[in-house]
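This is entry08.cif (mmCIF, C-alpha atoms and all ligand atoms).
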data_data
loop_
_atom_site.label_atom_id
_atom_site.label_comp_id
_atom_site.auth_asym_id
_atom_site.auth_seq_id
_atom_site.Cartn_x
_atom_site.Cartn_y
_atom_site.Cartn_z
CA MET A 1 -5.22 -39.95 -37.69
CA THR A 2 -5.50 -43.51 -39.03
CA ILE A 3 -2.44 -45.34 -40.32
CA LEU A 4 -1.87 -48.95 -41.38
CA GLY A 5 0.68 -50.32 -38.90
CA VAL A 6 2.74 -53.30 -40.04
CA ASP A 7 5.04 -55.32 -37.79
CA ILE A 8 7.55 -57.41 -39.73
CA GLY A 9 8.99 -60.23 -37.64
CA GLY A 10 11.17 -63.28 -38.18
CA SER A 11 8.13 -65.59 -38.15
CA GLY A 12 5.05 -63.46 -38.84
CA ILE A 13 4.04 -60.21 -40.52
CA LYS A 14 1.14 -58.55 -38.71
CA GLY A 15 -0.91 -55.52 -39.59
CA ALA A 16 -3.94 -53.46 -38.52
CA VAL A 17 -5.31 -49.99 -39.07
CA VAL A 18 -4.48 -47.89 -35.99
CA ASP A 19 -6.02 -44.75 -34.56
CA THR A 20 -2.75 -43.05 -33.61
CA THR A 21 -4.35 -40.66 -31.13
CA THR A 22 -5.82 -43.44 -28.98
CA GLY A 23 -3.42 -46.27 -29.87
CA LEU A 24 -6.39 -48.53 -30.60
CA LEU A 25 -6.66 -50.96 -33.49
CA LEU A 26 -9.71 -50.23 -35.63
CA GLN A 27 -10.23 -53.90 -36.34
CA GLU A 28 -8.60 -57.21 -35.50
CA ARG A 29 -5.01 -57.54 -36.62
CA HIS A 30 -4.22 -59.78 -39.59
CA ARG A 31 -1.17 -62.08 -39.58
CA ILE A 32 0.64 -63.70 -42.50
CA ASP A 33 3.60 -66.09 -42.06
CA THR A 34 6.92 -64.45 -42.94
CA PRO A 35 7.89 -65.86 -46.36
CA GLN A 36 11.06 -67.95 -46.39
CA PRO A 37 13.59 -66.91 -47.51
CA ALA A 38 12.59 -63.52 -46.09
CA THR A 39 13.98 -61.52 -49.02
CA PRO A 40 13.11 -57.85 -49.65
CA GLU A 41 10.91 -58.76 -52.62
CA ALA A 42 9.03 -61.52 -50.77
CA ILE A 43 8.38 -59.33 -47.73
CA ALA A 44 7.32 -56.34 -49.84
CA ASN A 45 4.78 -58.63 -51.55
CA THR A 46 3.47 -59.74 -48.16
CA VAL A 47 3.02 -56.11 -47.08
CA LYS A 48 1.12 -55.56 -50.34
CA GLU A 49 -1.12 -58.52 -49.37
CA LEU A 50 -1.86 -56.80 -46.05
CA VAL A 51 -2.68 -53.54 -47.85
CA ASN A 52 -5.11 -55.45 -50.07
CA PHE A 53 -6.60 -57.30 -47.09
CA PHE A 54 -7.48 -54.01 -45.39
CA ASP A 55 -8.25 -52.30 -48.71
CA TRP A 56 -5.94 -49.57 -47.42
CA LYS A 57 -5.23 -46.34 -49.33
CA GLY A 58 -3.47 -44.18 -46.72
CA LYS A 59 0.01 -44.09 -45.18
CA ILE A 60 1.84 -47.14 -43.84
CA GLY A 61 4.06 -47.35 -40.76
CA VAL A 62 6.40 -50.32 -40.77
CA GLY A 63 8.38 -51.92 -37.94
CA PHE A 64 11.35 -53.91 -39.19
CA PRO A 65 13.87 -56.05 -37.23
CA ALA A 66 17.04 -54.17 -38.16
CA VAL A 67 19.00 -51.03 -37.43
CA ILE A 68 17.24 -48.38 -39.54
CA ARG A 69 19.04 -45.25 -40.63
CA ASN A 70 17.07 -42.75 -42.76
CA GLY A 71 14.73 -45.49 -43.93
CA VAL A 72 17.57 -47.85 -44.88
CA ALA A 73 18.15 -51.26 -43.21
CA LYS A 74 21.71 -51.51 -41.90
CA THR A 75 21.64 -55.03 -40.38
CA ALA A 76 19.76 -58.28 -41.00
CA ALA A 77 19.93 -60.70 -38.05
CA ASN A 78 16.70 -62.67 -38.48
CA VAL A 79 15.83 -61.86 -42.09
CA ASP A 80 17.60 -62.51 -45.38
CA PRO A 81 21.11 -60.95 -45.52
CA THR A 82 20.21 -59.18 -48.78
CA TRP A 83 18.25 -56.64 -46.68
CA VAL A 84 21.43 -54.81 -45.69
CA ASN A 85 21.43 -51.35 -47.34
CA VAL A 86 17.92 -51.76 -48.77
CA ASP A 87 15.89 -48.54 -48.68
CA VAL A 88 12.86 -50.01 -46.92
CA ASN A 89 10.71 -46.90 -47.33
CA SER A 90 11.03 -46.80 -51.10
CA LEU A 91 10.78 -50.61 -51.45
CA ILE A 92 7.44 -50.68 -49.60
CA SER A 93 6.22 -47.50 -51.35
CA LYS A 94 6.99 -48.99 -54.76
CA ALA A 95 5.31 -52.32 -53.93
CA THR A 96 2.15 -50.72 -52.53
CA GLY A 97 1.90 -47.33 -54.24
CA LEU A 98 1.51 -45.81 -50.75
CA GLU A 99 3.74 -43.64 -48.60
CA ALA A 100 5.68 -45.73 -46.06
CA ALA A 101 7.86 -44.93 -43.03
CA VAL A 102 9.99 -47.62 -41.41
CA ILE A 103 11.39 -47.86 -37.88
CA ASN A 104 13.16 -50.61 -35.91
CA ASP A 105 10.52 -53.05 -34.61
CA ALA A 106 11.56 -52.88 -30.94
CA ASP A 107 11.72 -49.07 -31.09
CA ALA A 108 8.15 -49.17 -32.46
CA ALA A 109 6.93 -51.45 -29.66
CA GLY A 110 8.64 -49.21 -27.11
CA ILE A 111 6.96 -46.06 -28.46
CA ALA A 112 3.57 -47.75 -28.07
CA GLU A 113 4.29 -48.94 -24.50
CA MET A 114 5.57 -45.48 -23.49
CA ASN A 115 2.46 -43.77 -24.83
CA PHE A 116 -0.35 -46.22 -24.17
CA GLY A 117 1.07 -49.09 -22.11
CA ILE A 118 3.03 -49.78 -18.95
CA GLY A 119 5.59 -47.03 -19.62
CA LYS A 120 2.99 -44.27 -19.93
CA GLY A 121 4.09 -41.09 -18.16
CA ARG A 122 7.40 -42.61 -17.02
CA LYS A 123 10.34 -40.22 -16.91
CA GLY A 124 14.03 -41.04 -16.56
CA VAL A 125 15.82 -43.88 -18.34
CA VAL A 126 13.49 -46.66 -19.44
CA LEU A 127 14.62 -49.68 -21.43
CA MET A 128 12.17 -51.96 -23.16
CA ILE A 129 13.52 -55.38 -24.13
CA THR A 130 11.47 -57.38 -26.63
CA ILE A 131 12.01 -61.12 -26.54
CA GLY A 132 10.79 -63.36 -29.34
CA THR A 133 12.62 -64.79 -32.35
CA GLY A 134 15.37 -62.27 -31.60
CA ILE A 135 15.97 -59.81 -28.78
CA GLY A 136 15.31 -56.14 -29.49
CA SER A 137 15.64 -53.05 -27.35
CA ALA A 138 14.22 -49.54 -27.15
CA LEU A 139 15.82 -46.94 -24.88
CA PHE A 140 13.97 -43.84 -23.67
CA LEU A 141 15.09 -40.76 -21.78
CA ASP A 142 12.14 -38.82 -20.35
CA GLY A 143 9.88 -40.52 -22.91
CA LYS A 144 12.08 -39.68 -25.90
CA LEU A 145 13.49 -42.55 -27.92
CA VAL A 146 17.21 -43.09 -28.37
CA PRO A 147 16.91 -45.15 -31.60
CA ASN A 148 18.69 -48.27 -32.77
CA THR A 149 20.07 -49.63 -29.52
CA GLU A 150 20.75 -53.33 -30.04
CA TYR A 151 21.15 -54.85 -26.59
CA GLY A 152 20.17 -58.23 -28.04
CA HIS A 153 23.53 -58.17 -29.79
CA LEU A 154 25.68 -57.88 -26.70
CA ILE A 155 28.11 -60.79 -26.78
CA PHE A 156 27.32 -63.69 -24.44
CA LYS A 157 29.28 -66.97 -24.49
CA GLY A 158 30.92 -65.97 -27.76
CA ASP A 159 27.69 -65.14 -29.59
CA SER A 160 24.95 -62.54 -29.52
CA ALA A 161 22.71 -62.42 -26.44
CA GLU A 162 19.69 -63.34 -28.54
CA LYS A 163 21.34 -66.70 -29.32
CA TYR A 164 21.69 -67.20 -25.55
CA CYS A 165 18.30 -66.17 -24.17
CA SER A 166 15.72 -65.29 -26.85
CA ASP A 167 12.48 -67.27 -26.89
CA SER A 168 13.64 -69.08 -30.03
CA ALA A 169 16.92 -70.04 -28.27
CA ARG A 170 14.78 -71.56 -25.48
CA LYS A 171 12.58 -73.46 -27.91
CA LYS A 172 15.50 -74.65 -30.04
CA ILE A 173 16.96 -76.85 -27.30
CA ASP A 174 13.73 -77.28 -25.38
CA MET A 175 15.21 -75.38 -22.44
CA LYS A 176 13.36 -75.59 -19.12
CA TRP A 177 11.85 -72.26 -18.00
CA ASP A 178 13.98 -72.09 -14.86
CA GLU A 179 17.16 -72.56 -16.90
CA TRP A 180 16.02 -69.93 -19.39
CA SER A 181 15.09 -67.48 -16.66
CA LYS A 182 18.61 -67.86 -15.18
CA ARG A 183 20.04 -66.89 -18.54
CA LEU A 184 17.63 -63.99 -18.92
CA ASN A 185 18.53 -62.77 -15.45
CA ILE A 186 22.27 -62.80 -16.30
CA PHE A 187 21.51 -60.79 -19.43
CA LEU A 188 19.32 -58.28 -17.59
CA LYS A 189 21.88 -57.94 -14.78
CA HIS A 190 24.48 -57.06 -17.37
CA ILE A 191 22.24 -54.31 -18.74
CA GLU A 192 21.48 -53.11 -15.24
CA ARG A 193 25.19 -52.82 -14.41
CA THR A 194 26.03 -50.96 -17.60
CA ILE A 195 23.21 -48.45 -18.11
CA ASN A 196 21.46 -48.33 -14.71
CA PRO A 197 17.97 -47.68 -16.04
CA ASP A 198 15.07 -46.59 -13.81
CA LEU A 199 12.77 -49.18 -15.33
CA ILE A 200 13.11 -52.24 -17.56
CA ILE A 201 10.05 -53.41 -19.50
CA ILE A 202 9.89 -56.93 -20.91
CA GLY A 203 7.86 -57.20 -24.09
CA GLY A 204 7.65 -59.35 -27.20
CA GLY A 205 6.25 -62.86 -27.43
CA VAL A 206 7.36 -63.89 -23.92
CA ALA A 207 5.39 -61.08 -22.24
CA LYS A 208 2.24 -63.18 -22.15
CA LYS A 209 4.07 -66.19 -20.64
CA GLN A 210 5.20 -64.22 -17.59
CA ASP A 211 3.86 -66.75 -15.07
CA LYS A 212 6.55 -69.18 -16.29
CA TYR A 213 9.55 -67.01 -15.42
CA PHE A 214 8.81 -63.57 -13.96
CA HIS A 215 8.93 -64.74 -10.31
CA LEU A 216 12.37 -66.26 -10.98
CA LEU A 217 13.97 -62.97 -12.02
CA SER A 218 15.84 -60.90 -9.47
CA LEU A 219 17.15 -57.43 -10.28
CA ASP A 220 17.75 -54.24 -8.34
CA THR A 221 15.97 -52.31 -11.10
CA GLU A 222 12.20 -52.03 -11.29
CA LEU A 223 11.02 -54.62 -13.80
CA LYS A 224 7.61 -54.72 -15.49
CA ILE A 225 5.88 -56.72 -18.19
CA ALA A 226 4.59 -54.85 -21.26
CA THR A 227 0.81 -54.58 -21.40
CA LEU A 228 -0.04 -54.03 -25.06
CA GLU A 229 0.91 -57.60 -26.01
CA ASN A 230 1.21 -58.28 -29.70
CA SER A 231 -0.32 -55.00 -30.85
CA ALA A 232 2.59 -52.84 -29.55
CA GLY A 233 4.74 -53.22 -32.68
CA ILE A 234 1.82 -52.36 -34.97
CA VAL A 235 0.70 -49.35 -32.91
CA GLY A 236 4.21 -47.91 -32.55
CA ALA A 237 5.00 -48.35 -36.25
CA ALA A 238 1.80 -46.44 -37.10
CA MET A 239 2.56 -43.70 -34.55
CA ASN A 240 6.04 -43.21 -35.98
CA VAL A 241 4.49 -41.89 -39.22
CA ASN A 242 3.30 -38.80 -37.32
CA LEU A 243 6.32 -38.26 -35.11
C1 LIG B 1 17.45 -57.33 -34.49
C2 LIG B 1 16.78 -56.12 -33.90
C3 LIG B 1 15.33 -56.43 -33.61
C4 LIG B 1 15.23 -57.68 -32.76
C5 LIG B 1 13.80 -58.07 -32.48
C6 LIG B 1 17.26 -58.51 -33.59
O1 LIG B 1 17.86 -59.63 -34.14
O2 LIG B 1 18.85 -57.07 -34.65
O3 LIG B 1 16.88 -55.03 -34.78
O4 LIG B 1 14.75 -55.35 -32.96
O5 LIG B 1 15.88 -58.76 -33.40
O6 LIG B 1 13.10 -58.37 -33.63
#
Once you've parsed the file, please lay out its structure as structure tokens.
Ligand code: BGC
Amino acid sequence: MTILGVDIGGSGIKGAVVDTTTGLLLQERHRIDTPQPATPEAIANTVKELVNFFDWKGKIGVGFPAVIRNGVAKTAANVDPTWVNVDVNSLISKATGLEAAVINDADAAGIAEMNFGIGKGRKGVVLMITIGTGIGSALFLDGKLVPNTEYGHLIFKGDSAEKYCSDSARKKIDMKWDEWSKRLNIFLKHIERTINPDLIIIGGGVAKKQDKYFHLLSLDTELKIATLENSAGIVGAAMNVNL
């Protein structure tokens, strides 16, 4: 089946048509800067632009950076606060005239990694952490998603963990990689102590910069870098339409 996968992020909105049985993109992904302010209307228009770009007439799978309950956004950490309680499925359907299904962006990336990436075939408790503008998480038990975990919103130093060790937190104060990796290790240790997963996967924008920090991390849990890079969110959002 082919589905248009769309990954809505704090800084970019990316899309591609995905073959959901192979997890492959049918052509190169297309990226548009996230409009600012990232209001529901502005983002819906950007998704419409992607639909036009691909001349797409089928179903759309959307990954969105919020807790998603029955297609409705329940939080809005890195997008405009007016997203809270917006029915994302009907907003996107109205804007595009196409059927749309939304899922949390990290959950989407996790689904892709568990099916076609580094988590393929892994049983037990697997936690994928995506690190970029924010920090997202996707928890799996024997390959089945436990949706809407938000480990990036654990409280660290009086604020959410993503303010402490996301990639944007690093860039904001021009943090050295060794300092940032110390922070990331404290965060991951905390997760390790509380949920004792069998495997932690690091994904998101920092996955491709692993040579800067991976050797500095020290956990008792097996730790791996995601392999699908920036297509994971798109692929997982598309796959979610069929799940
Ligand atoms: C949001 C999550 C999202 C993560 C990564 C966080 O701020 O709360 O829902 O998965 O950013 O985009």
Legend entry - Residue nearest Asp211 in chain A among A:Leu154, A:Ile225, A:Ile13, A:Ala38 (counting all atoms listed in the file):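 With all atoms listed in the file as the atom set, the closest residue is A:Ile225.
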Legend entry - Within-10 Å residues of ligand LIG 1 (chain B), basis only C-alpha atoms and all ligand atoms, as a PyMOL selection string: chain A and resi 7-11+63-68+73-79+103-109+129-138+148-153+160-163+166+204+233
Inset, instruction - Just give me the gap between CA of Ala95 in chain A and CA of Pro40 in chain A in Å, one decimal is fine. - result: 10.5 Å
Legend entry - Atom pair CA of Arg122 in chain A / CA of Gly143 in chain A: separation (Å):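 We find that CA of Arg122 in chain A and CA of Gly143 in chain A lie 6.7 Å from each other.
Using only C-alpha atoms, the nearest neighbour of Leu199 in chain A within the list A:Phe140, A:Phe214, A:Trp56, A:Trp177 is A:Phe140.
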Can you list, as a PDB file with C-alpha atoms, keeping the file's coordinate frame, every protein, DNA or RNA residue that comes within 10 Å of Arg193 in chain A when you count all atoms listed in the file, leaving out same-chain residues fewer than 4 positions away?
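Generated file (part-v6.pdb):
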ATOM      1  CA  LEU A 188      19.320 -58.280 -17.590  1.00  0.00           C
ATOM      2  CA  LYS A 189      21.880 -57.940 -14.780  1.00  0.00           C
ATOM      3  CA  PRO A 197      17.970 -47.680 -16.040  1.00  0.00           C
ATOM      4  CA  ASP A 220      17.750 -54.240  -8.340  1.00  0.00           C
ATOM      5  CA  THR A 221      15.970 -52.310 -11.100  1.00  0.00           C
TER       6      THR A 221
END
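Relative to CA of Val72 in chain A, CA of Val84 in chain A is found at 8.0 Å.
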Legend entry - Sphere at (6.2, -61.5, -48.7), radius 12 Å, counting only C-alpha atoms: residues as a ChimeraX atom specification: /A:8-14,31-51,79-80,92,95
Legend entry - Residue with smallest distance to Val6 in chain A - pool A:Gly236, A:Gly119, A:Gly97, A:Gly61, counting all atoms listed in the file: A:Gly61
Legend entry - Nearest residue to Leu145 in chain A from the set A:Met114, A:Val62, A:Gly121, A:Lys171 (distances using all atoms listed in the file):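 Of A:Met114, A:Val62, A:Gly121, A:Lys171, the one nearest Leu145 in chain A is A:Met114, counting all atoms listed in the file.
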Inset, instruction - Tell me which protein, DNA and RNA residues are within 10 Å of Ile186 in chain A, counting all atoms listed in the file, leaving out same-chain ones fewer than 6 positions away, and put them as a count of residues only. - result: 7
Legend entry - Nearest-residue call for Asp167 in chain A, choices A:Lys94, A:His190, A:Lys120, A:Lys209, using only C-alpha atoms: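 Closest candidate: A:Lys209.
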Legend entry - For Val206 in chain A, the nearest of the candidates A:Thr194, A:Tyr164, A:Leu223, A:Arg170, counting all atoms listed in the file: A:Arg170
Inset, instruction - Within 12 Å of (-4.7, -47.0, -32.1) (coordinates as in the file), grab all the protein and nucleic acid residues, counting only C-alpha atoms, and write them out as a PyMOL selection string. - result: chain A and resi 1-5+15-29+112-113+115-117+228+231-239
Any chance you could export the current selection's C-alpha atoms as a PDB file, keeping the file's coordinate frame?
ATOM      1  CA  MET A   1      -5.220 -39.950 -37.690  1.00  0.00           C
ATOM      2  CA  THR A   2      -5.500 -43.510 -39.030  1.00  0.00           C
ATOM      3  CA  ILE A   3      -2.440 -45.340 -40.320  1.00  0.00           C
ATOM      4  CA  LEU A   4      -1.870 -48.950 -41.380  1.00  0.00           C
ATOM      5  CA  GLY A   5       0.680 -50.320 -38.900  1.00  0.00           C
ATOM      6  CA  GLY A  15      -0.910 -55.520 -39.590  1.00  0.00           C
ATOM      7  CA  ALA A  16      -3.940 -53.460 -38.520  1.00  0.00           C
ATOM      8  CA  VAL A  17      -5.310 -49.990 -39.070  1.00  0.00           C
ATOM      9  CA  VAL A  18      -4.480 -47.890 -35.990  1.00  0.00           C
ATOM     10  CA  ASP A  19      -6.020 -44.750 -34.560  1.00  0.00           C
ATOM     11  CA  THR A  20      -2.750 -43.050 -33.610  1.00  0.00           C
ATOM     12  CA  THR A  21      -4.350 -40.660 -31.130  1.00  0.00           C
ATOM     13  CA  THR A  22      -5.820 -43.440 -28.980  1.00  0.00           C
ATOM     14  CA  GLY A  23      -3.420 -46.270 -29.870  1.00  0.00           C
ATOM     15  CA  LEU A  24      -6.390 -48.530 -30.600  1.00  0.00           C
ATOM     16  CA  LEU A  25      -6.660 -50.960 -33.490  1.00  0.00           C
ATOM     17  CA  LEU A  26      -9.710 -50.230 -35.630  1.00  0.00           C
ATOM     18  CA  GLN A  27     -10.230 -53.900 -36.340  1.00  0.00           C
ATOM     19  CA  GLU A  28      -8.600 -57.210 -35.500  1.00  0.00           C
ATOM     20  CA  ARG A  29      -5.010 -57.540 -36.620  1.00  0.00           C
ATOM     21  CA  ALA A 112       3.570 -47.750 -28.070  1.00  0.00           C
ATOM     22  CA  GLU A 113       4.290 -48.940 -24.500  1.00  0.00           C
ATOM     23  CA  ASN A 115       2.460 -43.770 -24.830  1.00  0.00           C
ATOM     24  CA  PHE A 116      -0.350 -46.220 -24.170  1.00  0.00           C
ATOM     25  CA  GLY A 117       1.070 -49.090 -22.110  1.00  0.00           C
ATOM     26  CA  LEU A 228      -0.040 -54.030 -25.060  1.00  0.00           C
ATOM     27  CA  SER A 231      -0.320 -55.000 -30.850  1.00  0.00           C
ATOM     28  CA  ALA A 232       2.590 -52.840 -29.550  1.00  0.00           C
ATOM     29  CA  GLY A 233       4.740 -53.220 -32.680  1.00  0.00           C
ATOM     30  CA  ILE A 234       1.820 -52.360 -34.970  1.00  0.00           C
ATOM     31  CA  VAL A 235       0.700 -49.350 -32.910  1.00  0.00           C
ATOM     32  CA  GLY A 236       4.210 -47.910 -32.550  1.00  0.00           C
ATOM     33  CA  ALA A 237       5.000 -48.350 -36.250  1.00  0.00           C
ATOM     34  CA  ALA A 238       1.800 -46.440 -37.100  1.00  0.00           C
ATOM     35  CA  MET A 239       2.560 -43.700 -34.550  1.00  0.00           C
TER      36      MET A 239
END
Could you work out an axis-aligned box for range 36-39 of chain A, taking every atom the file lists and adding 4 Å on each side, and report centre and edge lengths in Å to one decimal, as JSON?
{"center_x": 12.5, "center_y": -64.7, "center_z": -47.6, "size_x": 10.9, "size_y": 14.4, "size_z": 10.9}
Just range 92-112 of chain A from the block, N, CA, C and O atoms, as an mmCIF file, in the first residue's frame, could you?
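File produced: part14.cif:
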data_model
loop_
_atom_site.group_PDB
_atom_site.id
_atom_site.type_symbol
_atom_site.label_atom_id
_atom_site.label_comp_id
_atom_site.auth_asym_id
_atom_site.auth_seq_id
_atom_site.Cartn_x
_atom_site.Cartn_y
_atom_site.Cartn_z
ATOM 1 N N ILE A 92 -6.727 18.210 9.069
ATOM 2 C CA ILE A 92 -5.926 17.885 7.881
ATOM 3 C C ILE A 92 -6.845 17.384 6.752
ATOM 4 O O ILE A 92 -6.653 17.716 5.581
ATOM 5 N N SER A 93 -7.881 16.601 7.123
ATOM 6 C CA SER A 93 -8.807 16.114 6.096
ATOM 7 C C SER A 93 -9.527 17.272 5.416
ATOM 8 O O SER A 93 -9.669 17.292 4.194
ATOM 9 N N LYS A 94 -9.954 18.246 6.238
ATOM 10 C CA LYS A 94 -10.662 19.395 5.652
ATOM 11 C C LYS A 94 -9.738 20.194 4.740
ATOM 12 O O LYS A 94 -10.121 20.606 3.649
ATOM 13 N N ALA A 95 -8.496 20.405 5.178
ATOM 14 C CA ALA A 95 -7.558 21.234 4.401
ATOM 15 C C ALA A 95 -7.166 20.562 3.089
ATOM 16 O O ALA A 95 -6.885 21.246 2.096
ATOM 17 N N THR A 96 -7.119 19.221 3.082
ATOM 18 C CA THR A 96 -6.589 18.529 1.901
ATOM 19 C C THR A 96 -7.661 17.800 1.088
ATOM 20 O O THR A 96 -7.408 17.409 -0.051
ATOM 21 N N GLY A 97 -8.813 17.552 1.708
ATOM 22 C CA GLY A 97 -9.846 16.755 1.041
ATOM 23 C C GLY A 97 -9.503 15.271 1.039
ATOM 24 O O GLY A 97 -10.136 14.480 0.342
ATOM 25 N N LEU A 98 -8.510 14.879 1.840
ATOM 26 C CA LEU A 98 -8.066 13.476 1.863
ATOM 27 C C LEU A 98 -8.178 12.920 3.276
ATOM 28 O O LEU A 98 -8.127 13.670 4.259
ATOM 29 N N GLU A 99 -8.302 11.599 3.361
ATOM 30 C CA GLU A 99 -8.401 10.969 4.678
ATOM 31 C C GLU A 99 -7.040 11.040 5.387
ATOM 32 O O GLU A 99 -6.003 10.737 4.777
ATOM 33 N N ALA A 100 -7.059 11.431 6.670
ATOM 34 C CA ALA A 100 -5.793 11.566 7.397
ATOM 35 C C ALA A 100 -5.863 10.862 8.739
ATOM 36 O O ALA A 100 -6.913 10.812 9.375
ATOM 37 N N ALA A 101 -4.721 10.280 9.163
ATOM 38 C CA ALA A 101 -4.636 9.643 10.481
ATOM 39 C C ALA A 101 -3.373 10.147 11.172
ATOM 40 O O ALA A 101 -2.275 10.051 10.618
ATOM 41 N N VAL A 102 -3.534 10.687 12.370
ATOM 42 C CA VAL A 102 -2.399 11.285 13.069
ATOM 43 C C VAL A 102 -1.944 10.393 14.218
ATOM 44 O O VAL A 102 -2.728 9.666 14.820
ATOM 45 N N ILE A 103 -0.633 10.482 14.512
ATOM 46 C CA ILE A 103 -0.014 9.743 15.610
ATOM 47 C C ILE A 103 1.103 10.617 16.163
ATOM 48 O O ILE A 103 1.646 11.471 15.433
ATOM 49 N N ASN A 104 1.474 10.427 17.414
ATOM 50 C CA ASN A 104 2.619 11.157 17.974
ATOM 51 C C ASN A 104 3.865 10.905 17.109
ATOM 52 O O ASN A 104 4.100 9.777 16.664
ATOM 53 N N ASP A 105 4.665 11.947 16.893
ATOM 54 C CA ASP A 105 5.809 11.830 15.971
ATOM 55 C C ASP A 105 6.859 10.818 16.426
ATOM 56 O O ASP A 105 7.422 10.075 15.606
ATOM 57 N N ALA A 106 7.130 10.760 17.728
ATOM 58 C CA ALA A 106 8.139 9.800 18.219
ATOM 59 C C ALA A 106 7.589 8.375 18.130
ATOM 60 O O ALA A 106 8.314 7.436 17.771
ATOM 61 N N ASP A 107 6.298 8.217 18.425
ATOM 62 C CA ASP A 107 5.677 6.897 18.272
ATOM 63 C C ASP A 107 5.801 6.434 16.813
ATOM 64 O O ASP A 107 6.091 5.269 16.537
ATOM 65 N N ALA A 108 5.595 7.367 15.880
ATOM 66 C CA ALA A 108 5.720 7.033 14.455
ATOM 67 C C ALA A 108 7.145 6.580 14.138
ATOM 68 O O ALA A 108 7.349 5.522 13.526
ATOM 69 N N ALA A 109 8.126 7.353 14.585
ATOM 70 C CA ALA A 109 9.530 7.003 14.298
ATOM 71 C C ALA A 109 9.869 5.642 14.904
ATOM 72 O O ALA A 109 10.566 4.823 14.296
ATOM 73 N N GLY A 110 9.339 5.389 16.095
ATOM 74 C CA GLY A 110 9.587 4.111 16.763
ATOM 75 C C GLY A 110 9.010 2.943 15.974
ATOM 76 O O GLY A 110 9.663 1.908 15.805
ATOM 77 N N ILE A 111 7.787 3.107 15.477
ATOM 78 C CA ILE A 111 7.151 2.036 14.686
ATOM 79 C C ILE A 111 8.033 1.690 13.483
ATOM 80 O O ILE A 111 8.250 0.518 13.152
ATOM 81 N N ALA A 112 8.562 2.723 12.829
ATOM 82 C CA ALA A 112 9.415 2.473 11.658
ATOM 83 C C ALA A 112 10.696 1.738 12.064
ATOM 84 O O ALA A 112 11.089 0.759 11.425
#
